[in-house]
file coords25.txt (compact mmCIF, C-alpha atoms)
# COMPACT_ATOMS: atom_id res chain seq x y z
CA MET U 1 -40.54 -12.34 41.87
CA HIS U 2 -38.23 -15.03 43.19
CA LYS U 3 -39.22 -18.17 41.30
CA LEU U 4 -38.21 -19.33 37.84
CA ASN U 5 -41.81 -19.30 36.61
CA LEU U 6 -42.14 -15.59 37.33
CA ALA U 7 -38.79 -14.87 35.65
CA TYR U 8 -40.03 -17.01 32.73
CA LEU U 9 -43.29 -15.08 32.34
CA ARG U 10 -41.43 -11.80 32.68
CA MET U 11 -38.99 -12.75 29.93
CA LEU U 12 -41.85 -13.93 27.70
CA ASN U 13 -43.49 -10.54 28.32
CA ASN U 14 -40.22 -8.83 27.40
CA MET U 15 -40.07 -10.86 24.18
CA TRP U 16 -43.60 -9.76 23.30
CA ASP U 17 -42.46 -6.15 23.68
CA ILE U 18 -39.33 -6.79 21.60
CA GLU U 19 -41.40 -8.40 18.82
CA ASP U 20 -43.79 -5.45 19.03
CA GLN U 21 -40.91 -2.97 18.68
CA ILE U 22 -39.55 -4.95 15.70
CA GLN U 23 -42.99 -4.82 14.08
CA GLY U 24 -42.82 -1.03 14.43
CA GLY U 25 -39.17 -0.71 13.33
CA LEU U 26 -38.93 -3.13 10.39
CA PRO U 27 -41.03 -1.03 7.96
CA LYS U 28 -38.53 1.83 8.47
CA LEU U 29 -35.58 -0.50 7.70
CA ILE U 30 -37.39 -1.92 4.65
CA LYS U 31 -38.00 1.62 3.38
CA GLU U 32 -34.28 2.47 3.76
CA ALA U 33 -33.09 -0.79 2.13
CA HIS U 34 -31.99 -0.70 -1.49
CA ASN U 35 -31.16 -4.31 -2.37
CA GLU U 36 -34.30 -6.21 -3.47
CA ASP U 37 -33.36 -9.49 -1.73
CA LEU U 38 -32.73 -7.63 1.51
CA LYS U 39 -36.06 -5.81 1.21
CA LYS U 40 -37.89 -9.10 0.52
CA GLY U 41 -36.15 -10.91 3.38
CA LEU U 42 -37.05 -8.18 5.87
CA ALA U 43 -40.64 -7.95 4.57
CA SER U 44 -41.21 -11.67 4.99
CA HIS U 45 -39.69 -11.45 8.47
CA LEU U 46 -42.16 -8.66 9.30
CA GLU U 47 -45.01 -11.12 8.65
CA GLU U 48 -43.26 -13.73 10.84
CA THR U 49 -42.86 -11.15 13.59
CA LYS U 50 -46.63 -10.65 13.69
CA SER U 51 -47.14 -14.40 14.11
CA HIS U 52 -44.46 -14.51 16.85
CA LYS U 53 -46.49 -11.96 18.81
CA MET U 54 -49.65 -14.00 18.26
CA ARG U 55 -47.96 -17.19 19.51
CA LEU U 56 -46.83 -15.36 22.63
CA GLU U 57 -50.35 -13.97 23.13
CA GLU U 58 -51.77 -17.51 22.83
CA LEU U 59 -49.30 -18.62 25.47
CA PHE U 60 -50.27 -15.77 27.78
CA ALA U 61 -53.97 -16.62 27.35
CA PHE U 62 -53.20 -20.31 28.07
CA HIS U 63 -51.45 -19.33 31.31
CA SER U 64 -54.05 -16.63 32.19
CA TYR U 65 -51.31 -14.03 32.18
CA SER U 66 -51.95 -10.37 31.36
CA VAL U 67 -49.32 -8.61 29.25
CA ASN U 68 -47.58 -5.69 30.89
CA TYR U 69 -46.91 -3.03 28.25
CA GLU U 70 -43.55 -1.98 29.63
CA ARG U 71 -41.06 -0.95 26.92
CA ASP U 72 -37.57 -2.48 26.90
CA MET U 73 -35.63 0.79 26.76
CA ALA U 74 -32.30 -0.84 25.84
CA PHE U 75 -33.92 -2.40 22.79
CA GLN U 76 -35.71 0.83 21.90
CA THR U 77 -32.40 2.73 22.02
CA LEU U 78 -30.73 0.05 19.89
CA LEU U 79 -33.39 0.44 17.17
CA GLN U 80 -33.28 4.24 17.34
CA ASP U 81 -29.46 4.24 17.08
CA ALA U 82 -29.61 1.89 14.07
CA LEU U 83 -31.99 4.24 12.26
CA ALA U 84 -29.97 7.33 13.24
CA ASP U 85 -26.77 5.70 11.88
CA LEU U 86 -28.49 5.07 8.54
CA SER U 87 -29.64 8.67 8.19
CA VAL U 88 -26.04 9.91 7.80
CA ILE U 89 -25.06 7.35 5.12
CA ASP U 90 -25.57 8.20 1.46
CA ASP U 91 -23.84 5.18 -0.11
CA LEU U 92 -26.64 2.67 -0.83
CA ASN U 93 -24.40 -0.43 -0.56
CA VAL U 94 -23.06 0.64 2.81
CA LYS U 95 -26.60 1.48 3.93
CA ASP U 96 -27.68 -2.07 3.02
CA ALA U 97 -24.66 -3.51 4.82
CA LEU U 98 -25.58 -1.54 7.94
CA ILE U 99 -29.25 -2.56 7.74
CA ALA U 100 -28.23 -6.23 7.50
CA ALA U 101 -25.83 -5.73 10.43
CA SER U 102 -28.51 -4.14 12.62
CA ALA U 103 -31.06 -6.80 11.72
CA GLN U 104 -28.46 -9.44 12.57
CA VAL U 105 -27.94 -7.98 16.07
CA VAL U 106 -31.71 -7.94 16.61
CA GLU U 107 -31.96 -11.60 15.49
CA HIS U 108 -29.13 -12.62 17.80
CA ILE U 109 -30.75 -10.93 20.81
CA GLU U 110 -33.98 -12.78 20.05
CA ILE U 111 -32.18 -16.10 19.51
CA ALA U 112 -30.36 -15.76 22.84
CA ARG U 113 -33.59 -15.00 24.71
CA TYR U 114 -35.69 -17.67 22.99
CA LYS U 115 -32.96 -20.26 23.70
CA THR U 116 -33.01 -19.31 27.37
CA LEU U 117 -36.82 -19.45 27.39
CA LEU U 118 -36.71 -22.90 25.76
CA THR U 119 -34.41 -24.16 28.52
CA TRP U 120 -36.67 -22.67 31.17
CA ALA U 121 -39.85 -24.06 29.54
CA GLN U 122 -38.20 -27.52 29.62
CA GLU U 123 -37.24 -27.02 33.23
CA LEU U 124 -40.77 -25.92 34.10
CA GLY U 125 -42.46 -28.65 32.03
CA ASP U 126 -44.45 -26.09 30.02
CA GLU U 127 -45.31 -28.14 26.90
CA LYS U 128 -47.33 -25.37 25.25
CA GLY U 129 -44.47 -22.93 25.84
CA LEU U 130 -41.92 -25.37 24.39
CA GLU U 131 -43.90 -25.70 21.18
CA HIS U 132 -44.50 -21.96 20.67
CA ILE U 133 -41.01 -20.84 21.67
CA LYS U 134 -39.45 -23.46 19.39
CA SER U 135 -41.51 -22.19 16.42
CA ASN U 136 -40.44 -18.59 17.04
CA LEU U 137 -36.80 -19.60 17.61
CA GLN U 138 -36.66 -21.59 14.35
CA GLU U 139 -37.92 -18.61 12.34
CA GLU U 140 -35.40 -16.25 13.98
CA GLU U 141 -32.57 -18.68 13.26
CA HIS U 142 -33.71 -18.97 9.65
CA GLU U 143 -33.82 -15.16 9.30
CA SER U 144 -30.34 -14.90 10.80
CA LYS U 145 -29.03 -17.41 8.21
CA THR U 146 -30.74 -15.49 5.39
CA LEU U 147 -29.11 -12.23 6.52
CA PHE U 148 -25.72 -13.93 6.83
CA THR U 149 -26.03 -15.40 3.32
CA LEU U 150 -26.97 -11.97 1.95
CA ALA U 151 -23.99 -10.33 3.67
CA GLN U 152 -21.57 -13.11 2.63
CA GLY U 153 -22.87 -13.34 -0.91
CA GLY U 154 -21.24 -10.09 -1.88
CA LEU U 155 -24.56 -8.32 -2.35
CA PHE U 156 -22.92 -5.33 -0.74
CA SER U 157 -19.65 -5.79 -2.62
CA LEU U 158 -17.41 -2.85 -3.20
CA GLY U 159 -15.62 -2.53 -6.49
CA LEU U 160 -11.89 -3.26 -6.74
CA ASN U 161 -11.08 0.44 -6.92
CA GLU U 162 -12.73 1.01 -3.59
CA LYS U 163 -10.74 -1.88 -2.10
CA ALA U 164 -7.53 -0.42 -3.45
CA ALA U 165 -8.37 2.95 -1.98
CA LEU U 166 -8.42 1.39 1.47
CA THR U 167 -4.67 1.04 1.64
CA GLY U 168 -4.54 4.73 2.30
CA ASP U 169 -7.90 5.09 3.96
CA ILE U 170 -7.68 2.82 6.96
CA MET B 1 -19.22 8.71 6.67
CA HIS B 2 -20.42 7.11 3.44
CA LYS B 3 -17.91 4.34 2.78
CA LEU B 4 -17.72 0.82 4.18
CA ASN B 5 -14.30 1.44 5.71
CA LEU B 6 -15.65 4.25 7.86
CA ALA B 7 -18.63 2.12 8.93
CA TYR B 8 -16.11 -0.67 9.68
CA LEU B 9 -13.92 1.53 11.89
CA ARG B 10 -17.00 2.94 13.58
CA MET B 11 -18.28 -0.55 14.40
CA LEU B 12 -14.83 -1.64 15.65
CA ASN B 13 -14.87 1.44 17.88
CA ASN B 14 -18.33 0.48 19.12
CA MET B 15 -17.05 -3.04 19.90
CA TRP B 16 -14.19 -1.57 21.91
CA ASP B 17 -16.75 0.34 23.97
CA ILE B 18 -18.92 -2.77 24.40
CA GLU B 19 -15.90 -4.81 25.57
CA ASP B 20 -15.02 -1.96 27.92
CA GLN B 21 -18.54 -1.93 29.38
CA ILE B 22 -18.41 -5.72 29.80
CA GLN B 23 -15.09 -5.38 31.64
CA GLY B 24 -16.87 -2.99 34.01
CA GLY B 25 -20.06 -5.07 34.33
CA LEU B 26 -18.75 -8.64 34.62
CA PRO B 27 -17.29 -8.24 38.14
CA LYS B 28 -20.78 -7.26 39.35
CA LEU B 29 -22.33 -10.35 37.75
CA ILE B 30 -19.57 -12.57 39.16
CA LYS B 31 -20.26 -11.15 42.63
CA GLU B 32 -24.00 -11.90 42.30
CA ALA B 33 -23.44 -15.44 40.93
CA HIS B 34 -23.80 -18.37 43.30
CA ASN B 35 -22.89 -21.42 41.23
CA GLU B 36 -19.13 -22.04 41.21
CA ASP B 37 -18.94 -23.12 37.56
CA LEU B 38 -20.85 -20.03 36.49
CA LYS B 39 -18.56 -17.82 38.59
CA LYS B 40 -15.46 -19.45 37.10
CA GLY B 41 -16.79 -19.23 33.54
CA LEU B 42 -17.53 -15.53 33.89
CA ALA B 43 -14.21 -14.83 35.60
CA SER B 44 -12.23 -16.48 32.81
CA HIS B 45 -14.31 -14.53 30.28
CA LEU B 46 -13.40 -11.31 32.10
CA GLU B 47 -9.74 -12.04 31.34
CA GLU B 48 -10.62 -12.75 27.69
CA THR B 49 -12.54 -9.47 27.51
CA LYS B 50 -9.37 -7.59 28.49
CA SER B 51 -7.47 -9.26 25.67
CA HIS B 52 -10.31 -8.50 23.21
CA LYS B 53 -9.90 -4.81 24.01
CA MET B 54 -6.15 -5.11 23.52
CA ARG B 55 -6.56 -6.79 20.12
CA LEU B 56 -8.90 -3.98 19.04
CA GLU B 57 -6.41 -1.39 20.32
CA GLU B 58 -3.64 -3.09 18.31
CA LEU B 59 -5.87 -2.90 15.25
CA PHE B 60 -6.57 0.80 15.83
CA ALA B 61 -2.85 1.49 16.18
CA PHE B 62 -2.15 -0.47 12.99
CA HIS B 63 -4.71 1.66 11.11
CA SER B 64 -3.63 4.91 12.87
CA TYR B 65 -7.15 5.29 14.20
CA SER B 66 -7.93 7.14 17.45
CA VAL B 67 -10.63 5.61 19.66
CA ASN B 68 -13.68 7.76 20.24
CA TYR B 69 -14.87 7.19 23.82
CA GLU B 70 -18.59 7.41 23.01
CA ARG B 71 -20.73 5.09 25.13
CA ASP B 72 -23.21 2.75 23.44
CA MET B 73 -26.26 3.77 25.48
CA ALA B 74 -28.41 0.81 24.37
CA PHE B 75 -25.75 -1.58 25.68
CA GLN B 76 -25.32 0.42 28.88
CA THR B 77 -29.09 0.28 29.53
CA LEU B 78 -29.09 -3.47 28.82
CA LEU B 79 -26.38 -4.06 31.45
CA GLN B 80 -28.07 -1.77 33.96
CA ASP B 81 -31.43 -3.51 33.47
CA ALA B 82 -29.79 -6.93 33.92
CA LEU B 83 -28.30 -5.84 37.25
CA ALA B 84 -31.56 -4.18 38.38
CA ASP B 85 -33.50 -7.39 37.60
CA LEU B 86 -31.08 -9.40 39.76
CA SER B 87 -31.47 -7.08 42.73
CA VAL B 88 -35.13 -8.09 43.25
CA ILE B 89 -34.48 -11.87 43.10
CA ASP B 90 -33.72 -13.73 46.31
CA ASP B 91 -33.74 -17.30 44.98
CA LEU B 92 -30.09 -18.12 44.23
CA ASN B 93 -30.86 -20.66 41.46
CA VAL B 94 -33.11 -18.22 39.65
CA LYS B 95 -30.49 -15.52 40.11
CA ASP B 96 -27.89 -17.77 38.45
CA ALA B 97 -30.34 -18.60 35.64
CA LEU B 98 -30.89 -14.88 35.02
CA ILE B 99 -27.15 -14.12 35.11
CA ALA B 100 -26.50 -16.85 32.53
CA ALA B 101 -29.39 -15.49 30.42
CA SER B 102 -28.06 -11.92 30.50
CA ALA B 103 -24.52 -13.06 29.72
CA GLN B 104 -25.92 -15.09 26.82
CA VAL B 105 -27.62 -11.99 25.33
CA VAL B 106 -24.35 -10.05 25.66
CA GLU B 107 -22.43 -12.87 23.92
CA HIS B 108 -24.96 -13.00 21.10
CA ILE B 109 -24.76 -9.25 20.50
CA GLU B 110 -20.98 -9.55 20.31
CA ILE B 111 -21.12 -12.60 18.04
CA ALA B 112 -23.51 -10.81 15.64
CA ARG B 113 -21.28 -7.74 15.47
CA TYR B 114 -17.97 -9.64 15.17
CA LYS B 115 -19.49 -11.78 12.38
CA THR B 116 -20.49 -8.62 10.52
CA LEU B 117 -17.03 -7.15 11.09
CA LEU B 118 -15.43 -10.34 9.79
CA THR B 119 -17.47 -10.09 6.57
CA TRP B 120 -16.54 -6.43 6.21
CA ALA B 121 -12.84 -7.10 6.92
CA GLN B 122 -12.91 -9.74 4.16
CA GLU B 123 -14.65 -7.31 1.83
CA LEU B 124 -12.07 -4.61 2.63
CA GLY B 125 -9.09 -6.97 2.47
CA ASP B 126 -7.98 -6.07 6.01
CA GLU B 127 -5.80 -9.10 6.88
CA LYS B 128 -4.84 -7.82 10.32
CA GLY B 129 -8.52 -7.16 11.10
CA LEU B 130 -9.52 -10.64 9.94
CA GLU B 131 -7.02 -12.26 12.29
CA HIS B 132 -7.93 -10.17 15.37
CA ILE B 133 -11.69 -10.24 14.82
CA LYS B 134 -11.59 -14.03 14.30
CA SER B 135 -9.74 -14.50 17.60
CA ASN B 136 -12.28 -12.39 19.48
CA LEU B 137 -15.24 -14.08 17.75
CA GLN B 138 -13.96 -17.59 18.56
CA GLU B 139 -13.68 -16.75 22.26
CA GLU B 140 -17.18 -15.23 22.33
CA GLU B 141 -18.59 -18.32 20.63
CA HIS B 142 -16.80 -20.56 23.10
CA GLU B 143 -18.20 -18.54 26.04
CA SER B 144 -21.70 -18.75 24.57
CA LYS B 145 -21.37 -22.57 24.38
CA THR B 146 -20.10 -22.72 27.95
CA LEU B 147 -23.10 -20.69 29.16
CA PHE B 148 -25.51 -22.86 27.17
CA THR B 149 -23.99 -26.05 28.59
CA LEU B 150 -24.30 -24.61 32.10
CA ALA B 151 -27.96 -23.65 31.55
CA GLN B 152 -28.80 -27.01 29.89
CA GLY B 153 -26.89 -29.08 32.39
CA GLY B 154 -29.49 -28.56 35.08
CA LEU B 155 -27.15 -26.47 37.20
CA PHE B 156 -30.13 -24.27 37.91
CA SER B 157 -32.52 -27.20 38.33
CA LEU B 158 -35.64 -26.78 40.36
CA GLY B 159 -36.82 -29.62 42.53
CA LEU B 160 -39.80 -31.74 41.50
CA ASN B 161 -42.03 -30.02 44.02
CA GLU B 162 -41.40 -26.68 42.42
CA LYS B 163 -42.26 -28.15 39.01
CA ALA B 164 -45.51 -29.54 40.40
CA ALA B 165 -46.41 -26.17 41.91
CA LEU B 166 -46.34 -24.66 38.44
CA THR B 167 -49.60 -26.26 37.43
CA GLY B 168 -51.29 -23.69 39.54
CA ASP B 169 -48.70 -20.96 39.25
CA ILE B 170 -48.58 -20.26 35.55
call {"tool": "encode", "arguments": {"input": "coords25.txt", "output": "structure tokens"}}
result
Amino acid sequence: MHKLNLAYLRMLNNMWDIEDQIQGGLPKLIKEAHNEDLKKGLASHLEETKSHKMRLEELFAFHSYSVNYERDMAFQTLLQDALADLSVIDDLNVKDALIAASAQVVEHIEIARYKTLLTWAQELGDEKGLEHIKSNLQEEEHESKTLFTLAQGGLFSLGLNEKAALTGDI
Amino acid sequence: MHKLNLAYLRMLNNMWDIEDQIQGGLPKLIKEAHNEDLKKGLASHLEETKSHKMRLEELFAFHSYSVNYERDMAFQTLLQDALADLSVIDDLNVKDALIAASAQVVEHIEIARYKTLLTWAQELGDEKGLEHIKSNLQEEEHESKTLFTLAQGGLFSLGLNEKAALTGDI
């Protein structure tokens, strides 16, 4: 475990696990979501997540690498905390805002890792890896933009009365 | 805990903890780093991290909010795993590549959360929050670019022989 190619395969393996955890966690977020556009966005990303795993599996097969089913505990805790936070919220708009926020953190973690993997695939001359990682990265970046547009677009807007109440509240 | 302002303060509190953990973790990464530009980049970001905490503390004081010293366990595990991964690597270039990769994930988590907080501060009309969150976000984005430039710039380049060896290795 002292060469870039081993670190590269290990990080690809970690990404497979992260995608697998997202596949397990997204249905719970979709169930908690109230806003229809948010629900739809997350549901379509669930389908993309399945294809991200398949692309990684194709890459492993190409490199004769066997997946190690080790769970990323930091990521598992992050997903569990996100769901626990939602369970104590009864305001549906705030719940949606929190779901979008958690999904955004997940997307950013994936984007950071896929960008690193892309740099390493270039460095290592892994053409197959470049192609597959780029496809996954593009879909994560697109999902991140969708979530940002939803959050910015005032889908979770509070009414003016609630804004006014803040003067005393915070 | 059912209004956006409470979720906002809770996430600001979480960011304070994350910045605090980074302040504790960065010196360990700097110590492990070999490349001088990487070392310098992380060291200057350590100073920025201290000012991010101070800006958040100013914001808490402004809103008469008391910080809750609850650790984000997902983030703590992420930092611990990053350091544990480094301890089994003896190749200095790969070590630097992994340090940059871990720092990049940390930056992306922060960017995602500060972007959400910025949207929420706008929604809540918190002018002071907008100003402080924007300052923190800009420095995180700048650090992320610096790390990306370092990773792309071939600072961790392998020699051609190592590339050739990959045909058999992966």
call {"tool": "atom_distance", "arguments": {"input": "coords25.txt", "atom1": "atom CA of Gln23 of chain U", "atom2": "atom CA of Lys50 of chain U"}}
result
6.9 Å
call {"tool": "closest_residue", "arguments": {"input": "coords25.txt", "among": "U:Met15, U:Ala74, U:Leu86, U:Ala7", "to": "Leu137 of chain U", "atoms": "all atoms listed in the file"}}
result
U:Met15
call {"tool": "residues_around", "arguments": {"input": "coords25.txt", "residues": "Lys134 of chain B", "least_positions_apart": "4", "cutoff": "9 Å", "atoms": "all atoms listed in the file", "output": "PDB file with C-alpha atoms, keeping the file's coordinate frame"}}
result
ATOM      1  CA  TYR B 114     -17.970  -9.640  15.170  1.00  0.00           C
ATOM      2  CA  LYS B 115     -19.490 -11.780  12.380  1.00  0.00           C
ATOM      3  CA  LEU B 118     -15.430 -10.340   9.790  1.00  0.00           C
ATOM      4  CA  GLY B 129      -8.520  -7.160  11.100  1.00  0.00           C
ATOM      5  CA  LEU B 130      -9.520 -10.640   9.940  1.00  0.00           C
ATOM      6  CA  GLN B 138     -13.960 -17.590  18.560  1.00  0.00           C
ATOM      7  CA  GLU B 139     -13.680 -16.750  22.260  1.00  0.00           C
TER       8      GLU B 139
END
call {"tool": "atom_distance", "arguments": {"input": "coords25.txt", "atom1": "atom CA of Leu79 of chain U", "atom2": "atom CA of Phe60 of chain B"}}
result
26.9 Å
call {"tool": "closest_residue", "arguments": {"input": "coords25.txt", "among": "B:Glu70, B:Glu47, B:Asp90, B:Asp85", "to": "chain U", "atoms": "only C-alpha atoms"}}
result
B:Asp90
call {"tool": "atom_distance", "arguments": {"input": "coords25.txt", "atom1": "atom CA of Ala101 of chain B", "atom2": "atom CA of Asp72 of chain U"}}
result
15.8 Å
call {"tool": "closest_residue", "arguments": {"input": "coords25.txt", "among": "U:Thr116, U:Asn35, U:Asn68, U:Asn14", "to": "chain B", "atoms": "all atoms listed in the file"}}
result
U:Thr116
call {"tool": "closest_residue", "arguments": {"input": "coords25.txt", "among": "B:Glu19, B:Asp96, B:Glu32, B:Glu110", "to": "Glu141 of chain B", "atoms": "only C-alpha atoms"}}
result
B:Glu110
call {"tool": "axis_aligned_box", "arguments": {"input": "coords25.txt", "around": "segment 54-73 of chain U", "padding_each_side": "8 Å", "output": "JSON"}}
result
{"center_x": -44.8, "center_y": -9.8, "center_z": 25.2, "size_x": 34.4, "size_y": 37.1, "size_z": 29.9}
call {"tool": "closest_residue", "arguments": {"input": "coords25.txt", "among": "U:Thr49, U:Thr146, U:Ser44, U:Ser102", "to": "Leu29 of chain U", "atoms": "all atoms listed in the file"}}
result
U:Ser102
call {"tool": "residues_around", "arguments": {"input": "coords25.txt", "residues": "Pro27 of chain B", "least_positions_apart": "3", "cutoff": "12 Å", "atoms": "all atoms listed in the file", "output": "list in words"}}
result
Gln21, Ile22, Gln23, Gly24, Ile30, Lys31, Glu32, Ala33, Lys39, Lys40, Gly41, Leu42, Ala43, Ser44, His45, Leu46, Glu47, Thr49, Leu83 and Ile99 of chain B
call {"tool": "closest_residue", "arguments": {"input": "coords25.txt", "among": "B:Gln76, B:Ser66, B:Ser51, B:Ser135", "to": "chain U", "atoms": "all atoms listed in the file"}}
result
B:Gln76
call {"tool": "decode", "arguments": {"input": "coords25.txt", "residues": "segment 78-87 of chain U", "atoms": "all heavy atoms", "output": "short mmCIF file (atom, residue, chain, number, x, y, z; two decimals), in the first residue's frame"}}
result
data_model
loop_
_atom_site.label_atom_id
_atom_site.label_comp_id
_atom_site.auth_asym_id
_atom_site.auth_seq_id
_atom_site.Cartn_x
_atom_site.Cartn_y
_atom_site.Cartn_z
N LEU U 78 -22.55 10.09 9.03
CA LEU U 78 -23.11 11.29 8.42
C LEU U 78 -24.56 11.06 7.97
O LEU U 78 -25.45 11.88 8.25
CB LEU U 78 -22.23 11.68 7.23
CG LEU U 78 -22.53 12.99 6.53
CD1 LEU U 78 -21.23 13.79 6.38
CD2 LEU U 78 -23.13 12.81 5.16
N LEU U 79 -24.81 9.92 7.32
CA LEU U 79 -26.17 9.62 6.85
C LEU U 79 -27.12 9.39 8.03
O LEU U 79 -28.25 9.87 8.04
CB LEU U 79 -26.17 8.37 5.95
CG LEU U 79 -25.57 8.51 4.55
CD1 LEU U 79 -25.76 7.21 3.77
CD2 LEU U 79 -26.20 9.66 3.77
N GLN U 80 -26.62 8.66 9.04
CA GLN U 80 -27.46 8.40 10.21
C GLN U 80 -27.82 9.69 10.93
O GLN U 80 -28.96 9.89 11.36
CB GLN U 80 -26.73 7.45 11.17
CG GLN U 80 -26.74 6.00 10.71
CD GLN U 80 -25.78 5.11 11.50
OE1 GLN U 80 -24.94 5.60 12.25
NE2 GLN U 80 -25.91 3.81 11.31
N ASP U 81 -26.83 10.60 11.08
CA ASP U 81 -27.07 11.89 11.75
C ASP U 81 -28.10 12.71 10.97
O ASP U 81 -28.95 13.37 11.57
CB ASP U 81 -25.77 12.70 11.87
CG ASP U 81 -24.85 12.12 12.94
OD1 ASP U 81 -25.28 11.20 13.66
OD2 ASP U 81 -23.71 12.60 13.06
N ALA U 82 -27.99 12.69 9.63
CA ALA U 82 -28.92 13.46 8.80
C ALA U 82 -30.34 12.96 9.02
O ALA U 82 -31.27 13.77 9.18
CB ALA U 82 -28.53 13.33 7.32
N LEU U 83 -30.52 11.65 9.09
CA LEU U 83 -31.86 11.09 9.29
C LEU U 83 -32.36 11.38 10.71
O LEU U 83 -33.54 11.69 10.91
CB LEU U 83 -31.86 9.58 9.02
CG LEU U 83 -31.77 9.22 7.52
CD1 LEU U 83 -31.44 7.75 7.32
CD2 LEU U 83 -33.08 9.58 6.80
N ALA U 84 -31.44 11.30 11.69
CA ALA U 84 -31.84 11.57 13.08
C ALA U 84 -32.27 13.03 13.24
O ALA U 84 -33.26 13.32 13.93
CB ALA U 84 -30.67 11.25 14.02
N ASP U 85 -31.56 13.96 12.57
CA ASP U 85 -31.91 15.38 12.63
C ASP U 85 -33.32 15.61 12.10
O ASP U 85 -34.07 16.43 12.63
CB ASP U 85 -30.92 16.23 11.80
CG ASP U 85 -29.60 16.43 12.54
OD1 ASP U 85 -29.52 16.05 13.73
OD2 ASP U 85 -28.66 16.96 11.92
N LEU U 86 -33.66 14.89 11.02
CA LEU U 86 -34.98 15.07 10.40
C LEU U 86 -36.11 14.61 11.32
O LEU U 86 -37.19 15.19 11.32
CB LEU U 86 -35.07 14.25 9.11
CG LEU U 86 -34.30 14.77 7.91
CD1 LEU U 86 -34.50 13.84 6.74
CD2 LEU U 86 -34.78 16.18 7.56
N SER U 87 -35.82 13.57 12.11
CA SER U 87 -36.88 12.95 12.91
C SER U 87 -37.43 13.89 13.99
O SER U 87 -38.52 13.68 14.49
CB SER U 87 -36.39 11.64 13.52
OG SER U 87 -35.42 11.93 14.50
#
